[in-house]
Amino acid sequence: MNYYAKLIAYLKTPSKCYIPKCKAECCTNVPLPEGFVESKRGRIQRPILYAAKLGKNSPSDDFDSFIYNTTQNPIQLMRVNGKIKPIIPPEILEKMDPLPLDSQIAYLRIIYKPYENYCPFMTKFRKCAVYEERPAICREYGTLTDKQNQCSLKASPLEIIKDFIEIAKFALLHPFKNPYK
Ligand code: SF4
Ligand code: SF4
């Protein structure tokens with residue numbers, strides 16, 4: 001591959017975390033190790049309404065994990081008979097019931113997304129308040145090559161450049177408006 005072909009491939013490959021596009025979706029419903037939130041109590045950004053103990057999130061873990069609810073969310077993730085299950089209100093279960101399993105999961109995602117159950121450490125600007133000390137599960141997601149840790153929301157450098165150009169144009173036309181709203 002010559003230099004230009006490599007450059008084009010690089011520019012078009014989704015490889016970058018770009019929060020304006022992905023809205024830091026990886027920081028929703030994250031199982032955090034037991035004790036982590038307590039150890040960083042001073043940096044909590046969102047009120048914790050409920051914590052669901054999941055047990056071991058991965059078979060190799062030697063600690064339990066918790067998912068923290070920071071939204072008024074009717075769907076809770078809990079460990080039931082050894083499996084993580086969403087506990088869902090009956091009216092939503094009724095709508096899901098006739099759907100095949102794949103569609104049920106897709107349906108759940110559609111319902112769940114608006115609740116934006118971000119991690120307690122996520123700031124209102126969608127930045128991590130404990131970034132340098134974030135746990136392994138956060139460091140690994142989106143950086144490892146195994147399927148479980150790949151992120152489909154990454155942006156290509158070309159997308160980011162195009163977005164910057166759009167933002168610059170917007171700022172020139174509307175100097176007092178927030179381009180991300
Ligand atoms: S891993 Fe994915 S969701 Fe998380 S910041 Fe990167 S692109 Fe966004
Ligand atoms: S600790 Fe930071 S990186 Fe991990 S889920 Fe929370 S906000 Fe995201």
# chains A, B, ... in the order shown; residues from 1 in each chain; ligands from 1

call {"tool": "select_by_dssp", "arguments": {"residues": "stretch 9-80 of chain A", "states": "strand (DSSP E or B)", "output": "MDAnalysis selection string"}}
result
chainID A and resid 16 28 32:33 50:55 65:69 76:80

call {"tool": "select_by_dssp", "arguments": {"residues": "chain A", "states": "helix (DSSP H, G or I)", "output": "PyMOL selection string"}}
result
chain A and resi 3-12+19-22+25-27+36-39+41-43+90-96+101-115+131-133+136-140+147-149+157-173

call {"tool": "write_last_selection", "arguments": {"atoms": "C-alpha atoms", "output": "mmCIF file, in the first residue's frame"}}
result
data_model
loop_
_atom_site.group_PDB
_atom_site.id
_atom_site.type_symbol
_atom_site.label_atom_id
_atom_site.label_comp_id
_atom_site.auth_asym_id
_atom_site.auth_seq_id
_atom_site.Cartn_x
_atom_site.Cartn_y
_atom_site.Cartn_z
ATOM 1 C CA TYR A 3 1.578 6.355 1.424
ATOM 2 C CA TYR A 4 -1.639 8.013 0.171
ATOM 3 C CA ALA A 5 -3.618 4.780 0.280
ATOM 4 C CA LYS A 6 -2.447 4.278 3.880
ATOM 5 C CA LEU A 7 -3.393 7.840 4.771
ATOM 6 C CA ILE A 8 -6.881 7.480 3.243
ATOM 7 C CA ALA A 9 -7.384 4.156 5.043
ATOM 8 C CA TYR A 10 -6.322 5.780 8.323
ATOM 9 C CA LEU A 11 -8.611 8.768 7.831
ATOM 10 C CA LYS A 12 -11.601 6.545 7.084
ATOM 11 C CA ILE A 19 -17.591 12.171 22.712
ATOM 12 C CA PRO A 20 -19.784 14.584 20.691
ATOM 13 C CA LYS A 21 -20.661 11.602 18.502
ATOM 14 C CA CYS A 22 -20.816 8.692 20.973
ATOM 15 C CA GLU A 25 -22.224 5.617 25.894
ATOM 16 C CA CYS A 26 -19.621 3.249 27.331
ATOM 17 C CA CYS A 27 -20.071 4.973 30.685
ATOM 18 C CA PHE A 36 -14.413 1.879 44.134
ATOM 19 C CA VAL A 37 -17.170 4.470 44.469
ATOM 20 C CA GLU A 38 -16.623 4.700 48.218
ATOM 21 C CA SER A 39 -12.874 5.257 47.722
ATOM 22 C CA ARG A 41 -16.539 9.605 47.197
ATOM 23 C CA GLY A 42 -15.346 13.224 46.917
ATOM 24 C CA ARG A 43 -15.447 13.088 43.115
ATOM 25 C CA PRO A 90 -44.777 -5.497 33.819
ATOM 26 C CA GLU A 91 -46.190 -3.117 31.172
ATOM 27 C CA ILE A 92 -42.862 -3.106 29.319
ATOM 28 C CA LEU A 93 -42.506 -6.890 29.738
ATOM 29 C CA GLU A 94 -45.925 -7.322 28.157
ATOM 30 C CA LYS A 95 -44.828 -5.399 25.043
ATOM 31 C CA MET A 96 -41.585 -7.388 24.823
ATOM 32 C CA LEU A 101 -35.118 -12.557 21.720
ATOM 33 C CA ASP A 102 -32.983 -10.328 19.442
ATOM 34 C CA SER A 103 -35.810 -7.859 19.032
ATOM 35 C CA GLN A 104 -36.469 -7.913 22.773
ATOM 36 C CA ILE A 105 -32.879 -6.840 23.405
ATOM 37 C CA ALA A 106 -33.110 -4.149 20.711
ATOM 38 C CA TYR A 107 -36.414 -2.968 22.181
ATOM 39 C CA LEU A 108 -34.876 -2.829 25.631
ATOM 40 C CA ARG A 109 -32.003 -0.760 24.324
ATOM 41 C CA ILE A 110 -34.435 1.701 22.738
ATOM 42 C CA ILE A 111 -36.339 2.090 25.985
ATOM 43 C CA TYR A 112 -33.259 2.126 28.143
ATOM 44 C CA LYS A 113 -31.231 4.678 26.161
ATOM 45 C CA PRO A 114 -33.245 7.775 27.085
ATOM 46 C CA TYR A 115 -32.628 7.082 30.759
ATOM 47 C CA TYR A 131 -10.027 9.255 34.584
ATOM 48 C CA GLU A 132 -6.455 8.661 35.768
ATOM 49 C CA GLU A 133 -7.636 6.185 38.400
ATOM 50 C CA ALA A 136 -9.643 -1.896 34.595
ATOM 51 C CA ILE A 137 -13.089 -2.437 33.073
ATOM 52 C CA CYS A 138 -13.077 1.213 31.921
ATOM 53 C CA ARG A 139 -9.460 1.138 30.717
ATOM 54 C CA GLU A 140 -9.988 -2.021 28.699
ATOM 55 C CA LYS A 147 -14.995 -8.565 20.511
ATOM 56 C CA GLN A 148 -16.380 -7.900 23.966
ATOM 57 C CA ASN A 149 -14.175 -4.835 24.343
ATOM 58 C CA PRO A 157 -10.429 10.995 11.863
ATOM 59 C CA LEU A 158 -12.278 12.156 8.738
ATOM 60 C CA GLU A 159 -15.607 12.300 10.603
ATOM 61 C CA ILE A 160 -13.960 14.312 13.374
ATOM 62 C CA ILE A 161 -12.380 16.758 10.932
ATOM 63 C CA LYS A 162 -15.747 17.207 9.169
ATOM 64 C CA ASP A 163 -17.432 17.778 12.517
ATOM 65 C CA PHE A 164 -14.842 20.404 13.530
ATOM 66 C CA ILE A 165 -15.474 22.215 10.242
ATOM 67 C CA GLU A 166 -19.258 22.152 10.880
ATOM 68 C CA ILE A 167 -18.727 23.451 14.423
ATOM 69 C CA ALA A 168 -16.446 26.247 13.176
ATOM 70 C CA LYS A 169 -19.064 27.246 10.575
ATOM 71 C CA PHE A 170 -21.800 27.165 13.220
ATOM 72 C CA ALA A 171 -19.713 29.277 15.616
ATOM 73 C CA LEU A 172 -19.186 31.916 12.928
ATOM 74 C CA LEU A 173 -22.913 32.077 12.151
#

call {"tool": "residues_near_ligand", "arguments": {"ligand": "ligand 1", "cutoff": "8 Å", "atoms": "only C-alpha atoms and all ligand atoms", "output": "ChimeraX atom specification"}}
result
/A:16-19,21-27,141-143,150-155

call {"tool": "write_last_selection", "arguments": {"atoms": "C-alpha atoms", "output": "mmCIF file, in the first residue's frame"}}
result
data_model
loop_
_atom_site.group_PDB
_atom_site.id
_atom_site.type_symbol
_atom_site.label_atom_id
_atom_site.label_comp_id
_atom_site.auth_asym_id
_atom_site.auth_seq_id
_atom_site.Cartn_x
_atom_site.Cartn_y
_atom_site.Cartn_z
ATOM 1 C CA LYS A 16 -11.083 7.465 17.774
ATOM 2 C CA CYS A 17 -13.200 8.181 20.818
ATOM 3 C CA TYR A 18 -15.134 11.317 19.953
ATOM 4 C CA ILE A 19 -17.591 12.171 22.712
ATOM 5 C CA LYS A 21 -20.661 11.602 18.502
ATOM 6 C CA CYS A 22 -20.816 8.692 20.973
ATOM 7 C CA LYS A 23 -22.025 10.686 24.009
ATOM 8 C CA ALA A 24 -19.721 8.438 26.099
ATOM 9 C CA GLU A 25 -22.224 5.617 25.894
ATOM 10 C CA CYS A 26 -19.621 3.249 27.331
ATOM 11 C CA CYS A 27 -20.071 4.973 30.685
ATOM 12 C CA TYR A 141 -13.237 -1.223 26.908
ATOM 13 C CA GLY A 142 -12.593 0.214 23.449
ATOM 14 C CA THR A 143 -8.853 -0.465 23.646
ATOM 15 C CA GLN A 150 -14.631 -3.318 20.892
ATOM 16 C CA CYS A 151 -16.700 -0.197 20.565
ATOM 17 C CA SER A 152 -18.842 0.316 17.473
ATOM 18 C CA LEU A 153 -19.308 4.005 18.228
ATOM 19 C CA LYS A 154 -15.777 5.150 17.434
ATOM 20 C CA ALA A 155 -15.349 7.928 14.887
#

call {"tool": "residues_near_ligand", "arguments": {"ligand": "ligand 2", "cutoff": "6 Å", "atoms": "only C-alpha atoms and all ligand atoms", "output": "list of chain:residue names"}}
result
A:Cys27, A:Val30, A:Cys119, A:Phe121, A:Met122, A:Cys128, A:Val130, A:Tyr131, A:Arg134, A:Cys138

call {"tool": "write_last_selection", "arguments": {"atoms": "C-alpha atoms", "output": "PDB file, in the first residue's frame"}}
result
ATOM      1  CA  CYS A  27     -20.071   4.973  30.685  1.00  0.00           C
ATOM      2  CA  VAL A  30     -20.858   0.094  33.960  1.00  0.00           C
ATOM      3  CA  CYS A 119     -21.725   6.280  35.970  1.00  0.00           C
ATOM      4  CA  PHE A 121     -18.303   9.829  38.034  1.00  0.00           C
ATOM      5  CA  MET A 122     -19.495  11.165  34.680  1.00  0.00           C
ATOM      6  CA  CYS A 128     -14.682  11.020  33.666  1.00  0.00           C
ATOM      7  CA  VAL A 130     -11.597   9.819  38.005  1.00  0.00           C
ATOM      8  CA  TYR A 131     -10.027   9.255  34.584  1.00  0.00           C
ATOM      9  CA  ARG A 134     -10.523   4.540  36.527  1.00  0.00           C
ATOM     10  CA  CYS A 138     -13.077   1.213  31.921  1.00  0.00           C
TER      11      CYS A 138
END

call {"tool": "atom_distance", "arguments": {"atom1": "atom CA of A:Ala129", "atom2": "atom CA of A:Arg46"}}
result
10.8 Å
